[in-house]
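The structure file query_10.cif is reproduced below (mmCIF, C-alpha atoms).
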```
data_work
loop_
_atom_site.group_PDB
_atom_site.id
_atom_site.type_symbol
_atom_site.label_atom_id
_atom_site.label_comp_id
_atom_site.auth_asym_id
_atom_site.auth_seq_id
_atom_site.Cartn_x
_atom_site.Cartn_y
_atom_site.Cartn_z
ATOM 1 C CA MET A 1 14.693 15.477 15.942
ATOM 2 C CA ALA A 2 14.462 11.714 16.528
ATOM 3 C CA VAL A 3 12.867 9.523 13.864
ATOM 4 C CA VAL A 4 9.983 7.345 15.055
ATOM 5 C CA ILE A 5 10.341 3.902 13.492
ATOM 6 C CA HIS A 6 7.281 1.660 13.725
ATOM 7 C CA ARG A 7 9.203 -1.640 13.472
ATOM 8 C CA TYR A 8 7.530 -5.047 13.116
ATOM 9 C CA ASP A 9 10.066 -7.851 12.693
ATOM 10 C CA PRO A 10 7.934 -9.904 12.083
ATOM 11 C CA PRO A 11 4.402 -8.755 12.899
ATOM 12 C CA GLU A 12 1.677 -11.096 14.068
ATOM 13 C CA ARG A 13 -0.506 -9.558 11.367
ATOM 14 C CA PHE A 14 0.257 -7.374 8.329
ATOM 15 C CA VAL A 15 -2.644 -6.506 6.029
ATOM 16 C CA ALA A 16 -4.116 -3.954 3.670
ATOM 17 C CA GLY A 17 -7.710 -3.035 4.372
ATOM 18 C CA THR A 18 -10.379 -0.401 3.945
ATOM 19 C CA VAL A 19 -12.949 1.552 5.861
ATOM 20 C CA GLY A 20 -16.111 2.865 4.200
ATOM 21 C CA PRO A 21 -18.396 1.918 1.315
ATOM 22 C CA PRO A 22 -17.112 1.425 -2.266
ATOM 23 C CA GLY A 23 -16.424 4.794 -3.842
ATOM 24 C CA GLN A 24 -15.692 6.330 -0.445
ATOM 25 C CA ARG A 25 -13.192 3.832 0.932
ATOM 26 C CA THR A 26 -10.103 4.843 2.846
ATOM 27 C CA PHE A 27 -7.193 2.420 2.448
ATOM 28 C CA PHE A 28 -4.781 1.432 5.204
ATOM 29 C CA LEU A 29 -1.733 -0.733 5.759
ATOM 30 C CA GLN A 30 -1.879 -2.150 9.246
ATOM 31 C CA ALA A 31 0.699 -4.069 11.275
ATOM 32 C CA ARG A 32 0.085 -5.620 14.689
ATOM 33 C CA ALA A 33 2.327 -7.236 17.291
ATOM 34 C CA GLY A 34 0.617 -7.956 20.601
ATOM 35 C CA SER A 35 -1.409 -4.914 21.611
ATOM 36 C CA ARG A 36 0.693 -2.548 19.461
ATOM 37 C CA VAL A 37 -1.004 -1.582 16.175
ATOM 38 C CA THR A 38 0.225 0.819 13.493
ATOM 39 C CA SER A 39 -2.082 2.041 10.716
ATOM 40 C CA VAL A 40 -0.802 3.999 7.722
ATOM 41 C CA GLY A 41 -3.195 5.617 5.240
ATOM 42 C CA LEU A 42 -2.558 5.269 1.522
ATOM 43 C CA GLU A 43 -4.220 5.382 -1.879
ATOM 44 C CA LYS A 44 -5.879 2.440 -3.643
ATOM 45 C CA GLU A 45 -3.269 2.589 -6.414
ATOM 46 C CA GLN A 46 -0.478 2.359 -3.840
ATOM 47 C CA VAL A 47 -2.021 -0.833 -2.424
ATOM 48 C CA ALA A 48 -2.297 -2.328 -5.917
ATOM 49 C CA VAL A 49 1.293 -1.433 -6.852
ATOM 50 C CA LEU A 50 2.683 -2.659 -3.518
ATOM 51 C CA ALA A 51 0.903 -6.010 -3.925
ATOM 52 C CA GLU A 52 2.106 -6.336 -7.518
ATOM 53 C CA ARG A 53 5.717 -5.504 -6.617
ATOM 54 C CA ILE A 54 5.772 -7.885 -3.650
ATOM 55 C CA GLY A 55 4.396 -10.631 -5.906
ATOM 56 C CA ASP A 56 7.067 -9.879 -8.527
ATOM 57 C CA LEU A 57 9.796 -9.887 -5.854
ATOM 58 C CA LEU A 58 8.639 -13.264 -4.538
ATOM 59 C CA ASP A 59 8.522 -14.680 -8.087
ATOM 60 C CA GLN A 60 12.113 -13.517 -8.690
ATOM 61 C CA VAL A 61 13.256 -15.041 -5.399
ATOM 62 C CA ALA A 62 11.580 -18.346 -6.287
ATOM 63 C CA ASP A 63 13.251 -18.352 -9.721
ATOM 64 C CA GLN A 64 16.727 -17.523 -8.423
ATOM 65 C CA THR A 65 16.851 -19.458 -5.135
ATOM 66 C CA ASP A 66 15.453 -22.605 -3.574
ATOM 67 C CA VAL A 67 13.321 -20.594 -1.107
ATOM 68 C CA ASP A 68 9.665 -21.645 -0.996
ATOM 69 C CA THR A 69 7.716 -18.429 -1.622
ATOM 70 C CA THR A 70 4.265 -19.978 -1.846
ATOM 71 C CA ALA A 71 1.568 -19.016 0.605
ATOM 72 C CA ASN A 72 1.114 -21.308 3.553
ATOM 73 C CA ASN A 73 -2.080 -23.377 3.774
ATOM 74 C CA ASP A 74 -3.780 -20.852 6.048
ATOM 75 C CA PRO A 75 -6.803 -19.148 4.495
ATOM 76 C CA VAL A 76 -6.341 -15.537 3.398
ATOM 77 C CA ASP A 77 -6.874 -13.143 6.303
ATOM 78 C CA ALA A 78 -10.360 -11.719 5.661
ATOM 79 C CA GLU A 79 -10.848 -10.174 9.096
ATOM 80 C CA PRO A 80 -11.539 -6.443 9.385
ATOM 81 C CA LEU A 81 -8.833 -3.999 10.375
ATOM 82 C CA GLU A 82 -7.957 -3.712 14.056
ATOM 83 C CA GLN A 83 -10.018 -1.060 15.851
ATOM 84 C CA PRO A 84 -9.675 1.755 16.633
ATOM 85 C CA ILE A 85 -7.889 2.879 13.489
ATOM 86 C CA VAL A 86 -5.502 5.731 14.237
ATOM 87 C CA GLU A 87 -3.662 6.899 11.118
ATOM 88 C CA GLU A 88 -0.005 7.456 12.020
ATOM 89 C CA PHE A 89 0.744 9.132 8.657
ATOM 90 C CA ARG A 90 -0.102 9.067 4.934
ATOM 91 C CA ALA A 91 2.142 6.811 2.875
ATOM 92 C CA GLY A 92 4.394 8.344 0.268
ATOM 93 C CA THR A 93 7.449 6.438 -0.924
ATOM 94 C CA MET A 94 7.622 2.696 -0.265
ATOM 95 C CA THR A 95 10.631 0.434 -0.680
ATOM 96 C CA LEU A 96 10.958 -3.345 -0.909
ATOM 97 C CA ALA A 97 13.917 -5.607 -0.352
ATOM 98 C CA TRP A 98 14.637 -9.300 0.015
ATOM 99 C CA ASP A 99 16.817 -10.323 2.957
ATOM 100 C CA GLY A 100 18.305 -13.596 1.749
ATOM 101 C CA ASP A 101 20.029 -14.317 5.055
ATOM 102 C CA ASP A 102 16.766 -14.352 7.021
ATOM 103 C CA GLU A 103 14.531 -15.155 4.015
ATOM 104 C CA MET A 104 12.301 -12.157 4.754
ATOM 105 C CA VAL A 105 10.656 -9.436 2.684
ATOM 106 C CA ALA A 106 11.410 -5.971 4.081
ATOM 107 C CA ILE A 107 8.898 -3.203 3.412
ATOM 108 C CA GLU A 108 9.604 0.418 4.324
ATOM 109 C CA VAL A 109 6.816 2.988 4.143
ATOM 110 C CA PHE A 110 7.770 6.659 4.351
ATOM 111 C CA PRO A 111 5.344 9.543 4.889
ATOM 112 C CA VAL A 112 4.212 11.785 2.052
ATOM 113 C CA ASP A 113 6.819 14.454 1.371
ATOM 114 C CA GLU A 114 5.117 17.726 2.178
ATOM 115 C CA THR A 115 7.872 20.001 0.899
ATOM 116 C CA PRO A 116 6.799 22.662 -1.597
ATOM 117 C CA ASP A 117 7.000 21.856 -5.308
ATOM 118 C CA GLU A 118 10.020 22.907 -7.362
ATOM 119 C CA PRO A 119 9.649 26.165 -9.313
ATOM 120 C CA ALA A 120 8.314 25.710 -12.839
ATOM 121 C CA ALA A 121 10.808 25.528 -15.693
ATOM 122 C CA GLY A 122 11.650 28.970 -17.005
ATOM 123 C CA SER A 123 10.621 30.717 -13.803
ATOM 124 C CA GLU A 124 12.459 33.800 -12.623
ATOM 125 C CA ASP A 125 13.750 32.150 -9.436
ATOM 126 C CA PRO A 126 17.219 30.617 -9.788
ATOM 127 C CA PRO A 127 17.575 27.077 -8.467
ATOM 128 C CA GLU A 128 18.840 26.993 -4.917
ATOM 129 C CA GLU A 129 20.871 24.011 -3.742
ATOM 130 C CA PRO A 130 20.843 20.525 -5.247
ATOM 131 C CA ALA A 131 18.043 18.285 -4.016
ATOM 132 C CA VAL A 132 18.773 16.661 -0.680
ATOM 133 C CA GLU A 133 17.040 13.611 0.713
ATOM 134 C CA PRO A 134 14.223 14.900 2.894
ATOM 135 C CA GLU A 135 14.376 14.004 6.535
ATOM 136 C CA VAL A 136 11.435 11.989 7.774
ATOM 137 C CA ASP A 137 9.837 12.148 11.180
ATOM 138 C CA GLU A 138 8.627 8.550 11.146
ATOM 139 C CA LEU A 139 8.419 5.432 9.023
ATOM 140 C CA LEU A 140 6.882 1.973 9.048
ATOM 141 C CA LEU A 141 9.321 -0.950 8.726
ATOM 142 C CA VAL A 142 7.828 -4.427 8.345
ATOM 143 C CA ARG A 143 9.778 -7.655 7.792
ATOM 144 C CA VAL A 144 7.739 -10.755 6.952
ATOM 145 C CA PRO A 145 8.487 -14.307 5.802
ATOM 146 C CA ALA A 146 7.734 -15.165 2.164
ATOM 147 C CA ALA A 147 4.524 -17.087 2.980
ATOM 148 C CA THR A 148 3.155 -14.138 4.955
ATOM 149 C CA ALA A 149 4.098 -11.757 2.129
ATOM 150 C CA ARG A 150 2.266 -13.989 -0.371
ATOM 151 C CA GLY A 151 -0.797 -13.913 1.907
ATOM 152 C CA PHE A 152 -0.539 -10.102 2.046
ATOM 153 C CA VAL A 153 -0.554 -10.001 -1.771
ATOM 154 C CA SER A 154 -3.687 -12.164 -1.982
ATOM 155 C CA ARG A 155 -5.609 -10.051 0.498
ATOM 156 C CA ALA A 156 -4.426 -6.721 -0.966
ATOM 157 C CA LEU A 157 -5.508 -7.708 -4.483
ATOM 158 C CA ALA A 158 -8.896 -8.826 -3.134
ATOM 159 C CA VAL A 159 -9.330 -5.534 -1.256
ATOM 160 C CA VAL A 160 -8.487 -3.487 -4.356
ATOM 161 C CA SER A 161 -10.857 -5.448 -6.601
ATOM 162 C CA ALA A 162 -13.724 -5.274 -4.078
ATOM 163 C CA GLY A 163 -14.510 -1.672 -4.974
ATOM 164 C CA ARG A 164 -16.862 -0.276 -7.561
ATOM 165 C CA PRO A 165 -17.123 -2.194 -10.848
ATOM 166 C CA ALA A 166 -15.296 -0.730 -13.832
ATOM 167 C CA CYS A 167 -17.170 0.584 -16.862
ATOM 168 C CA PRO A 168 -16.537 -1.806 -19.767
ATOM 169 C CA PHE A 169 -16.226 1.140 -22.152
ATOM 170 C CA CYS A 170 -14.089 3.772 -20.414
ATOM 171 C CA GLY A 171 -12.694 1.818 -17.442
ATOM 172 C CA GLY A 172 -13.926 4.430 -14.958
ATOM 173 C CA PRO A 173 -15.701 3.355 -11.770
ATOM 174 C CA ILE A 174 -19.465 2.900 -11.867
ATOM 175 C CA ASP A 175 -21.277 4.241 -8.803
ATOM 176 C CA PRO A 176 -24.427 2.453 -7.550
ATOM 177 C CA ASP A 177 -26.515 5.066 -9.422
ATOM 178 C CA GLY A 178 -24.406 4.727 -12.614
ATOM 179 C CA HIS A 179 -21.908 7.141 -14.166
ATOM 180 C CA LEU A 180 -21.629 9.490 -17.108
ATOM 181 C CA CYS A 181 -19.457 7.585 -19.554
ATOM 182 C CA PRO A 182 -17.298 9.809 -21.769
ATOM 183 C CA ARG A 183 -17.186 7.021 -24.364
ATOM 184 C CA ALA A 184 -21.002 7.025 -24.594
ATOM 185 C CA ASN A 185 -21.305 10.753 -25.340
ATOM 186 C CA GLY A 186 -22.499 11.537 -21.817
ATOM 187 C CA PHE A 187 -25.183 8.858 -21.551
ATOM 188 C CA ARG A 188 -25.493 7.301 -18.121
ATOM 189 C CA ARG A 189 -24.175 3.732 -17.773
ATOM 190 C CA THR A 190 -25.216 1.473 -14.919
ATOM 191 C CA SER A 191 -23.472 -1.448 -13.295
ATOM 192 C CA GLN A 192 -26.038 -3.974 -14.636
#
```
Exercise: express the given structure as structure tokens:
Amino acid sequence: MAVVIHRYDPPERFVAGTVGPPGQRTFFLQARAGSRVTSVGLEKEQVAVLAERIGDLLDQVADQTDVDTTANNDPVDAEPLEQPIVEEFRAGTMTLAWDGDDEMVAIEVFPVDETPDEPAAGSEDPPEEPAVEPEVDELLLVRVPAATARGFVSRALAVVSAGRPACPFCGGPIDPDGHLCPRANGFRRTSQ
């Protein structure tokens, strides 16, 4: 079976965004080149980690080379996601790399591995063969210049922090009608 590679080298736009109200948001990575748009669903934590890791990668590149990894003077992309949003797949493993020859950040997003879990330790079933890299049906490959990657980080961090406020006691999210805080013995805390 042929692997579908959604390749953007570089895209006109590469952003993280959401659909829905805080507490019910669905997160997406979206790349666009011309009229071609690819949207990949993922979890809020994946967006936060991806932004953090890209930022760390750019900081390392700036420390070890003379490449300018600062964001360009363009304002952070605050536009909504491209419509209609058609989720190609749910993100699983993501990889990052720096291409020093082209001075680009390469991001690969693989789909969630839907293979069954390994048998529990001590189970009756003997292990079969050693683990083999799963084959993927499709992946998203995006290569962006450092300034664009820095802009992605800024927007992704803003998108993640735009959700529900965190409870100052337990760190859990506070819904508009409050939440039952385990640190307050079940008393309802509000966002005020």
*Quick one: pull the distance between atom CA of A:Leu29 and atom CA of A:Leu140, Å, one decimal.*
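Here the two named atoms are 9.6 Å from each other.
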*Please write as a PyMOL selection string the full residue list that the PyMOL selection byres ((chain A and resi 13) around 8) yields on this file.*
chain A and resi 11-12+14-15+30-33
*asked:* When you look at A:Glu103 with a cut-off of 10 Å (counting only C-alpha atoms), what residues show up, excluding the ones that are within fewer than 4 positions of it in the same chain? I need them as a PyMOL selection string.
replied: chain A and resi 61+67-69+98-99+143-146
Just-selected residues, C-alpha atoms written as a PDB file, in the coordinates of the input:
```
ATOM      1  CA  VAL A  61      13.256 -15.041  -5.399  1.00  0.00           C
ATOM      2  CA  VAL A  67      13.321 -20.594  -1.107  1.00  0.00           C
ATOM      3  CA  ASP A  68       9.665 -21.645  -0.996  1.00  0.00           C
ATOM      4  CA  THR A  69       7.716 -18.429  -1.622  1.00  0.00           C
ATOM      5  CA  TRP A  98      14.637  -9.300   0.015  1.00  0.00           C
ATOM      6  CA  ASP A  99      16.817 -10.323   2.957  1.00  0.00           C
ATOM      7  CA  ARG A 143       9.778  -7.655   7.792  1.00  0.00           C
ATOM      8  CA  VAL A 144       7.739 -10.755   6.952  1.00  0.00           C
ATOM      9  CA  PRO A 145       8.487 -14.307   5.802  1.00  0.00           C
ATOM     10  CA  ALA A 146       7.734 -15.165   2.164  1.00  0.00           C
TER      11      ALA A 146
END
```
_Report, in Å with one decimal, the straight-line distance from atom CA of A:Pro111 to atom CA of A:Ser35._
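Atom-to-atom, atom CA of A:Pro111 and atom CA of A:Ser35 are spaced 23.1 Å apart.
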*Using the chain letters and numbers from the file, which residues does the PyMOL selection byres ((chain A and resi 45-53) around 12) grab, as an MDAnalysis selection string?*
chainID A and resid 15:18 26:30 40:44 54:60 90:98 105 107:109 149:162
Specify the axis-aligned box that encloses all atoms of stretch 35-49 of chain A listed in the file after padding of 5 Å on each side, stating its centre and edge lengths in Å to one decimal as AutoDock Vina command-line options.
```
--center_x -2.3 --center_y 0.4 --center_z 7.4 --size_x 17.2 --size_y 20.5 --size_z 38.5
```
*Could you check which of A:Val112, A:Val3, A:Val19, A:Val86 is closest to A:Arg36, using all atoms listed in the file?*
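Of the candidates, the smallest distance to A:Arg36 is held by A:Val86.
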*For atom CA of A:Leu81 and atom CA of A:Ser39, quote the distance in Å rounded to one decimal.*
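Result for atom CA of A:Leu81 versus atom CA of A:Ser39: 9.1 Å, one decimal.
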_Selected residue of minimal separation from A:Pro80 among A:Asp63, A:Gly163, A:Asp102, A:Gly20, counting all atoms listed in the file_ = A:Gly20
*Which is closest to A:His179 among A:Gly23, A:Glu87, A:Asp137, A:Ala71, if we use only C-alpha atoms?*
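Of the candidates, the smallest distance to A:His179 is held by A:Gly23.
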_the PyMOL selection byres ((chain A and resi 164) around 10) applied to the shown file, residues as a list in words_ = Pro21, Pro22, Gly23, Gln24, Val160, Ser161, Ala162, Gly163, Pro165, Ala166, Cys167, Gly172, Pro173, Ile174, Asp175, Pro176 and Ser191 of chain A
The selected residues should be written to file as a CSV table (one decimal), in the frame of the given file (atoms: C-alpha atoms).
```csv
chain,number,residue,atom,x,y,z
A,21,PRO,CA,-18.4,1.9,1.3
A,22,PRO,CA,-17.1,1.4,-2.3
A,23,GLY,CA,-16.4,4.8,-3.8
A,24,GLN,CA,-15.7,6.3,-0.4
A,160,VAL,CA,-8.5,-3.5,-4.4
A,161,SER,CA,-10.9,-5.4,-6.6
A,162,ALA,CA,-13.7,-5.3,-4.1
A,163,GLY,CA,-14.5,-1.7,-5.0
A,165,PRO,CA,-17.1,-2.2,-10.8
A,166,ALA,CA,-15.3,-0.7,-13.8
A,167,CYS,CA,-17.2,0.6,-16.9
A,172,GLY,CA,-13.9,4.4,-15.0
A,173,PRO,CA,-15.7,3.4,-11.8
A,174,ILE,CA,-19.5,2.9,-11.9
A,175,ASP,CA,-21.3,4.2,-8.8
A,176,PRO,CA,-24.4,2.5,-7.6
A,191,SER,CA,-23.5,-1.4,-13.3
```
*asked:* Counting all atoms listed in the file, which residue out of A:Glu135, A:Asp74, A:Asp101, A:Asp177 sits closest to A:Asp113?
replied: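 Closest to A:Asp113, using all atoms listed in the file: A:Glu135.
Take the candidates A:Val76, A:Ala2, A:Val142, A:Ala147 and check each one against A:Phe110 using only C-alpha atoms; the shortest distance goes to A:Val142.
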